[in-house]
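> File upload_9.pdb follows (PDB, C-alpha atoms and all ligand atoms):
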```pdb
ATOM      1  CA  MET A  53      87.358 -15.897 141.908
ATOM      2  CA  ALA A  54      90.691 -16.974 140.428
ATOM      3  CA  GLU A  55      93.870 -18.763 141.508
ATOM      4  CA  GLY A  56      94.976 -16.892 144.656
ATOM      5  CA  ALA A  57      91.690 -14.976 145.058
ATOM      6  CA  VAL A  58      88.930 -16.170 147.380
ATOM      7  CA  LEU A  59      85.552 -14.644 148.233
ATOM      8  CA  LEU A  60      84.400 -15.508 151.769
ATOM      9  CA  HIS A  61      80.653 -14.864 151.843
ATOM     10  CA  GLY A  62      79.370 -13.395 155.123
ATOM     11  CA  PHE A  63      82.674 -13.928 156.951
ATOM     12  CA  ALA A  64      82.500 -10.534 158.747
ATOM     13  CA  LYS A  65      78.813 -10.767 159.725
ATOM     14  CA  PRO A  66      79.391 -12.245 163.222
ATOM     15  CA  VAL A  67      81.513  -9.220 164.238
ATOM     16  CA  GLU A  68      79.649  -6.460 162.357
ATOM     17  CA  VAL A  69      78.588  -4.624 165.524
ATOM     18  CA  ASP A  70      82.163  -4.444 166.876
ATOM     19  CA  LEU A  71      83.515  -3.335 163.504
ATOM     20  CA  LEU A  72      81.002  -0.510 163.195
ATOM     21  CA  ALA A  73      81.607   0.725 166.757
ATOM     22  CA  ASP A  74      85.372   0.801 166.155
ATOM     23  CA  LEU A  75      84.861   2.455 162.770
ATOM     24  CA  ARG A  76      82.905   5.273 164.428
ATOM     25  CA  ASP A  77      85.847   5.982 166.777
ATOM     26  CA  ILE A  78      88.353   6.007 163.915
ATOM     27  CA  VAL A  79      86.291   8.395 161.807
ATOM     28  CA  GLU A  80      85.953  10.768 164.750
ATOM     29  CA  GLN A  81      89.762  11.047 164.944
ATOM     30  CA  ALA A  82      90.479  10.870 161.207
ATOM     31  CA  PRO A  83      87.412  11.951 159.193
ATOM     32  CA  PHE A  84      86.683  10.722 155.664
ATOM     33  CA  ARG A  85      88.040  13.030 152.974
ATOM     34  CA  HIS A  86      88.110  13.063 149.183
ATOM     35  CA  MET A  87      91.773  12.813 148.206
ATOM     36  CA  VAL A  88      93.226  14.159 144.973
ATOM     37  CA  THR A  89      95.082  11.933 142.481
ATOM     38  CA  PRO A  90      98.462  12.873 140.999
ATOM     39  CA  GLY A  91      96.510  13.777 137.843
ATOM     40  CA  GLY A  92      94.547  16.399 139.800
ATOM     41  CA  HIS A  93      91.196  14.596 139.984
ATOM     42  CA  GLN A  94      89.256  14.454 143.237
ATOM     43  CA  MET A  95      88.279  10.844 143.989
ATOM     44  CA  SER A  96      84.550  10.029 144.237
ATOM     45  CA  VAL A  97      85.385   7.593 147.058
ATOM     46  CA  ALA A  98      86.090   9.220 150.454
ATOM     47  CA  MET A  99      88.977   7.706 152.444
ATOM     48  CA  THR A 100      90.608   7.468 155.821
ATOM     49  CA  ASN A 101      93.022   4.952 157.410
ATOM     50  CA  CYS A 102      93.923   3.163 160.600
ATOM     51  CA  GLY A 103      97.060   1.272 161.570
ATOM     52  CA  GLY A 104     100.732   2.166 161.615
ATOM     53  CA  LEU A 105     100.628   3.294 157.986
ATOM     54  CA  GLY A 106      97.931   4.900 155.874
ATOM     55  CA  TRP A 107      97.597   5.062 152.085
ATOM     56  CA  VAL A 108      97.419   8.621 150.795
ATOM     57  CA  THR A 109      97.384  10.358 147.437
ATOM     58  CA  ASP A 110      97.923  13.991 146.493
ATOM     59  CA  ARG A 111      99.369  15.948 143.574
ATOM     60  CA  THR A 112     102.840  14.525 144.340
ATOM     61  CA  GLY A 113     101.802  10.863 144.068
ATOM     62  CA  TYR A 114     100.653   7.811 146.027
ATOM     63  CA  ARG A 115     102.416   6.708 149.191
ATOM     64  CA  TYR A 116     102.084   5.196 152.654
ATOM     65  CA  ASP A 117     102.460   7.656 155.519
ATOM     66  CA  ALA A 118     102.423   7.160 159.312
ATOM     67  CA  ASP A 119     100.634  10.508 159.764
ATOM     68  CA  ASP A 120      97.305  11.859 158.588
ATOM     69  CA  PRO A 121      98.191  14.825 156.353
ATOM     70  CA  GLU A 122      94.992  16.620 157.443
ATOM     71  CA  THR A 123      95.826  16.619 161.163
ATOM     72  CA  GLY A 124      99.581  15.927 161.199
ATOM     73  CA  LYS A 125      98.889  13.238 163.804
ATOM     74  CA  PRO A 126      99.476   9.473 163.496
ATOM     75  CA  TRP A 127      96.572   7.513 162.000
ATOM     76  CA  PRO A 128      94.333   5.916 164.667
ATOM     77  CA  ALA A 129      95.569   2.498 165.810
ATOM     78  CA  MET A 130      94.176  -0.610 164.127
ATOM     79  CA  PRO A 131      91.532  -1.942 166.540
ATOM     80  CA  PRO A 132      91.822  -5.614 167.593
ATOM     81  CA  SER A 133      88.396  -6.318 166.019
ATOM     82  CA  PHE A 134      89.793  -5.247 162.622
ATOM     83  CA  ARG A 135      93.147  -7.007 162.951
ATOM     84  CA  GLU A 136      91.740 -10.306 164.218
ATOM     85  CA  LEU A 137      89.144 -10.463 161.445
ATOM     86  CA  ALA A 138      91.734  -9.767 158.742
ATOM     87  CA  GLU A 139      94.159 -12.360 160.110
ATOM     88  CA  GLN A 140      91.419 -15.001 160.385
ATOM     89  CA  ALA A 141      90.169 -14.323 156.860
ATOM     90  CA  ALA A 142      93.687 -14.567 155.431
ATOM     91  CA  ASP A 143      94.253 -17.821 157.310
ATOM     92  CA  HIS A 144      90.967 -19.222 156.014
ATOM     93  CA  ALA A 145      91.961 -18.359 152.454
ATOM     94  CA  GLY A 146      95.285 -20.182 152.814
ATOM     95  CA  PHE A 147      97.549 -17.219 153.616
ATOM     96  CA  GLY A 148      98.727 -18.037 157.143
ATOM     97  CA  GLY A 149     100.803 -15.535 159.143
ATOM     98  CA  PHE A 150      99.306 -12.377 157.593
ATOM     99  CA  SER A 151     100.134  -9.368 159.774
ATOM    100  CA  PRO A 152      98.711  -6.144 158.286
ATOM    101  CA  ASP A 153     100.276  -2.775 159.120
ATOM    102  CA  ALA A 154      97.816  -0.676 157.113
ATOM    103  CA  CYS A 155      94.043  -0.501 156.805
ATOM    104  CA  LEU A 156      92.598   1.797 154.138
ATOM    105  CA  ILE A 157      88.942   2.647 154.761
ATOM    106  CA  ASN A 158      86.870   3.593 151.695
ATOM    107  CA  ARG A 159      83.399   5.158 151.779
ATOM    108  CA  TYR A 160      81.207   4.904 148.662
ATOM    109  CA  GLN A 161      78.051   6.967 148.413
ATOM    110  CA  PRO A 162      75.640   6.344 145.497
ATOM    111  CA  GLY A 163      77.454   6.998 142.214
ATOM    112  CA  ALA A 164      80.970   6.678 143.689
ATOM    113  CA  ARG A 165      83.294   4.332 141.812
ATOM    114  CA  MET A 166      86.861   3.062 141.746
ATOM    115  CA  SER A 167      88.426   2.789 138.319
ATOM    116  CA  LEU A 168      90.537  -0.227 137.347
ATOM    117  CA  HIS A 169      93.892  -0.226 139.148
ATOM    118  CA  GLN A 170      96.569  -2.503 140.571
ATOM    119  CA  ASP A 171      97.536  -2.423 144.252
ATOM    120  CA  GLU A 172     101.266  -1.912 143.759
ATOM    121  CA  ASP A 173     102.326   0.700 146.329
ATOM    122  CA  GLU A 174     103.365  -1.947 148.860
ATOM    123  CA  GLU A 175     106.978  -3.057 149.396
ATOM    124  CA  ASP A 176     106.325  -6.754 149.361
ATOM    125  CA  PHE A 177     103.831  -8.554 147.127
ATOM    126  CA  ALA A 178     104.211 -11.817 149.079
ATOM    127  CA  ALA A 179     101.512 -10.757 151.555
ATOM    128  CA  PRO A 180      97.883 -10.980 150.443
ATOM    129  CA  ILE A 181      95.268  -8.220 150.622
ATOM    130  CA  VAL A 182      92.135  -8.667 152.711
ATOM    131  CA  SER A 183      89.128  -6.592 151.679
ATOM    132  CA  VAL A 184      85.968  -6.367 153.832
ATOM    133  CA  SER A 185      82.670  -5.092 152.401
ATOM    134  CA  LEU A 186      80.063  -3.441 154.640
ATOM    135  CA  GLY A 187      76.761  -1.734 153.847
ATOM    136  CA  LEU A 188      75.291  -1.436 150.337
ATOM    137  CA  PRO A 189      76.259  -4.100 147.786
ATOM    138  CA  ALA A 190      78.710  -3.283 145.013
ATOM    139  CA  ILE A 191      79.895  -4.804 141.750
ATOM    140  CA  PHE A 192      83.579  -5.758 141.954
ATOM    141  CA  LEU A 193      85.343  -5.599 138.592
ATOM    142  CA  PHE A 194      88.022  -8.241 138.543
ATOM    143  CA  GLY A 195      90.417  -8.125 135.615
ATOM    144  CA  GLY A 196      93.653  -9.763 134.655
ATOM    145  CA  LEU A 197      97.310  -8.780 134.813
ATOM    146  CA  LYS A 198      96.971  -6.417 131.834
ATOM    147  CA  ARG A 199      94.776  -3.300 131.949
ATOM    148  CA  SER A 200      93.181  -4.343 128.658
ATOM    149  CA  ASP A 201      91.942  -7.725 130.029
ATOM    150  CA  THR A 202      88.125  -7.653 130.221
ATOM    151  CA  PRO A 203      87.078  -7.755 133.887
ATOM    152  CA  ARG A 204      84.639 -10.280 135.345
ATOM    153  CA  ARG A 205      81.949  -8.973 137.703
ATOM    154  CA  PHE A 206      81.295 -10.191 141.261
ATOM    155  CA  ARG A 207      78.678  -8.873 143.673
ATOM    156  CA  LEU A 208      80.158  -7.917 147.061
ATOM    157  CA  GLN A 209      77.611  -7.797 149.864
ATOM    158  CA  HIS A 210      77.614  -6.704 153.477
ATOM    159  CA  GLY A 211      79.915  -9.018 155.439
ATOM    160  CA  ASP A 212      81.738 -10.474 152.430
ATOM    161  CA  ILE A 213      85.537 -10.650 152.483
ATOM    162  CA  ALA A 214      87.756 -10.941 149.424
ATOM    163  CA  VAL A 215      91.276 -12.254 150.006
ATOM    164  CA  TRP A 216      93.814 -12.247 147.239
ATOM    165  CA  GLY A 217      97.470 -12.809 146.874
ATOM    166  CA  GLY A 218      99.994 -15.033 145.160
ATOM    167  CA  PRO A 219      99.299 -15.185 141.417
ATOM    168  CA  ALA A 220      96.296 -12.801 141.792
ATOM    169  CA  ARG A 221      98.148 -10.127 143.769
ATOM    170  CA  LEU A 222      98.658  -7.725 140.862
ATOM    171  CA  ARG A 223      95.397  -8.220 138.992
ATOM    172  CA  PHE A 224      93.589  -5.092 137.858
ATOM    173  CA  HIS A 225      90.340  -4.458 139.721
ATOM    174  CA  GLY A 226      87.799  -1.764 140.516
ATOM    175  CA  ILE A 227      84.277  -0.997 141.716
ATOM    176  CA  ALA A 228      81.381  -0.087 139.374
ATOM    177  CA  PRO A 229      79.394   3.077 140.238
ATOM    178  CA  LEU A 230      77.503   2.327 143.457
ATOM    179  CA  ALA A 231      73.752   1.860 142.992
ATOM    180  CA  ASP A 232      71.530   3.762 145.384
ATOM    181  CA  GLY A 233      69.813   1.855 148.190
ATOM    182  CA  GLU A 234      69.315   1.748 151.909
ATOM    183  CA  HIS A 235      71.237  -0.646 154.159
ATOM    184  CA  ALA A 236      69.753  -1.546 157.562
ATOM    185  CA  LEU A 237      72.953  -0.766 159.515
ATOM    186  CA  LEU A 238      74.804   1.703 157.283
ATOM    187  CA  GLY A 239      72.151   3.594 155.326
ATOM    188  CA  ARG A 240      73.017   4.929 151.862
ATOM    189  CA  GLN A 241      76.667   3.933 151.716
ATOM    190  CA  ARG A 242      79.177   1.148 151.286
ATOM    191  CA  ILE A 243      82.284   0.917 153.472
ATOM    192  CA  ASN A 244      85.305  -1.125 152.414
ATOM    193  CA  LEU A 245      88.180  -2.015 154.737
ATOM    194  CA  THR A 246      91.345  -2.994 152.843
ATOM    195  CA  PHE A 247      94.123  -4.546 154.914
ATOM    196  CA  ARG A 248      97.645  -4.659 153.563
ATOM    197  CA  LYS A 249     101.193  -5.241 154.581
ATOM    198  CA  ALA A 250     102.697  -2.005 153.242
ATOM    199  CA  LEU A 251     106.265  -2.438 154.547
TER     200      LEU A 251
HETATM  201  C1  LIG B 301      86.741  -1.742 147.244
HETATM  202  N1  LIG B 301      88.855  -2.554 146.723
HETATM  203  O1  LIG B 301      86.369  -2.885 147.402
HETATM  204  C2  LIG B 301      88.034  -1.439 146.585
HETATM  205  N2  LIG B 301      92.083  -3.834 146.207
HETATM  206  O2  LIG B 301      86.081  -0.778 147.602
HETATM  207  C3  LIG B 301      90.084  -2.622 146.238
HETATM  208  O3  LIG B 301      90.617  -1.738 145.610
HETATM  209  C4  LIG B 301      90.797  -3.858 146.470
HETATM  210  O4  LIG B 301      88.872  -5.060 147.205
HETATM  211  C5  LIG B 301      92.816  -4.945 146.374
HETATM  212  C6  LIG B 301      92.252  -6.110 146.826
HETATM  213  C7  LIG B 301      90.930  -6.145 147.127
HETATM  214  C8  LIG B 301      90.169  -5.022 146.953
HETATM  215 FE    FE B 302      92.671  -2.064 145.110
END
```
Could you render the structure as structure tokens?
Ligand code: MD6
Ligand code: FE

Amino acid sequence: MAEGAVLLHGFAKPVEVDLLADLRDIVEQAPFRHMVTPGGHQMSVAMTNCGGLGWVTDRTGYRYDADDPETGKPWPAMPPSFRELAEQAADHAGFGGFSPDACLINRYQPGARMSLHQDEDEEDFAAPIVSVSLGLPAIFLFGGLKRSDTPRRFRLQHGDIAVWGGPARLRFHGIAPLADGEHALLGRQRINLTFRKAL
């Protein structure tokens, strides 16, 4: 996609059944919820997390937290199926030694979108981000280092993994409003797993 940003088509397909079984367990312990931004807007994307740290937003700001604010309990552990896939994808993309401590799980229903943003809440920008797409296809908006740079558009399909780091780590990006459809395994939704090293 750009220097430091690689799209691995179908990379997650061989383990889709394991991923979805583990996802079901996570969502039972930490259900999807629509978080509120510091500006007071409820996000159209529903979120949960697994791993030692989870990304959260509320009226006070964005942060990583070891506990789910809804339950007060630690986020569910990152299952080996998730961790191994993320580490292998990073390796494949040329980022050896990636060891994620956070996995943000996004659920898009038709019409949900993610406006252009930078992933900048992590301590260390040396580690890449690994982003797994499952379910309905989406249009990934991939911009530059300035908000005003016109984004390019990439189609992300079930099983695709985007890995980006190095010179691409702070590029603006987002997801266009999800088109309606029906996916054989996931129905009317798209799930995105985003692995990061937060600390
Ligand atoms: C999504 N992804 O794919 C939203 N961020 O649903 C992201 O915000 C993202 O895909 C950083 C790197 C890759 C991503
Ligand atoms: Fe992002």
> Within 8 Å of A:Gly211, counting all atoms listed in the file, which residues qualify if same-chain residues fewer than 5 places away don't, as a VMD selection string?
chain A and resid 61 to 65 68 184 to 186
> Could you tell me, as a PyMOL selection string, exactly which residues end up selected when the PyMOL selection byres (((chain A and resi 103-109) around 8) and not hetatm) is applied to this structure?
chain A and resi 87-90+100-102+110-120+126-130+153-156+250
> Please expand the PyMOL selection byres (((chain A and resi 203-207) around 10) and not hetatm) into the concrete residues it hits in this file, giving the result as a ChimeraX atom specification.
/A:53,59,168,189-196,199-202,208-209,212,223-228
> Enumerate as a VMD selection string the residues within 9 Å of ligand LIG 301 (chain B), counting all atoms listed in the file.
chain A and resid 97 157 to 160 165 to 171 180 to 185 190 to 192 208 213 to 217 221 to 227 242 to 248
> Hey, which of A:Glu80, A:Asp232, A:Asp173, A:Asp70 ends up closest to ligand FE 302 (chain B)? Count all atoms listed in the file.
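Closest to ligand FE 302 (chain B), using all atoms listed in the file: A:Asp173.
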> Restricting the calculation to all atoms listed in the file: of A:Ala54, A:Leu71, A:Gly149, A:Glu172, which residue gets closest to ligand FE 302 (chain B)?
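Of A:Ala54, A:Leu71, A:Gly149, A:Glu172, the one nearest ligand FE 302 (chain B), counting all atoms listed in the file, is A:Glu172.
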> Which residue is closest to A:Ile78? Choose from A:Pro219, A:Gly163, A:Gly233, A:Pro131 and count only C-alpha atoms.
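The shortest atom-to-atom distance to A:Ile78 comes from A:Pro131.
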> Name the residues in contact with A:Leu237 at a cut-off of 10 Å, using all atoms listed in the file, excluding same-chain residues fewer than 6 positions from it; report them as a PyMOL selection string.
chain A and resi 68-69+72+186-188+210
> Do you know which residues are at most 9 Å from A:Ser151 counting all atoms listed in the file, after dropping those on the same chain fewer than 6 positions away, and could you put them as a list of chain:residue names?
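Returned residues: A:Arg135, A:Ala138, A:Glu139, A:Ala179, A:Arg248, A:Lys249.
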> Go ahead and compute the interatomic distance for atom CA of A:Leu238 and atom CA of A:Phe134, in Å to one decimal.
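Atom CA of A:Phe134 lies at a distance of 17.4 Å from atom CA of A:Leu238.
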> Given all atoms listed in the file as the basis, pick out the residue of A:Phe147, A:Ala220, A:Gln161, A:Phe84 nearest to ligand FE 302 (chain B).
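With all atoms listed in the file as the atom set, the closest residue is A:Ala220.
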> Calculate how many Å separate atom CA of A:Pro229 from atom CA of A:Pro162, rounding to one decimal.
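It comes out at 7.2 Å.
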> Rounded to one decimal place, report the atom CA of A:Glu136-atom CA of A:Leu60 distance in Å.
15.4 Å
> Smallest atom-to-atom distance to ligand FE 302 (chain B): which of A:His86, A:Val79, A:Glu174, A:Ala236, using only C-alpha atoms and all ligand atoms?
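Using only C-alpha atoms and all ligand atoms, ligand FE 302 (chain B) sits closest to A:Glu174.
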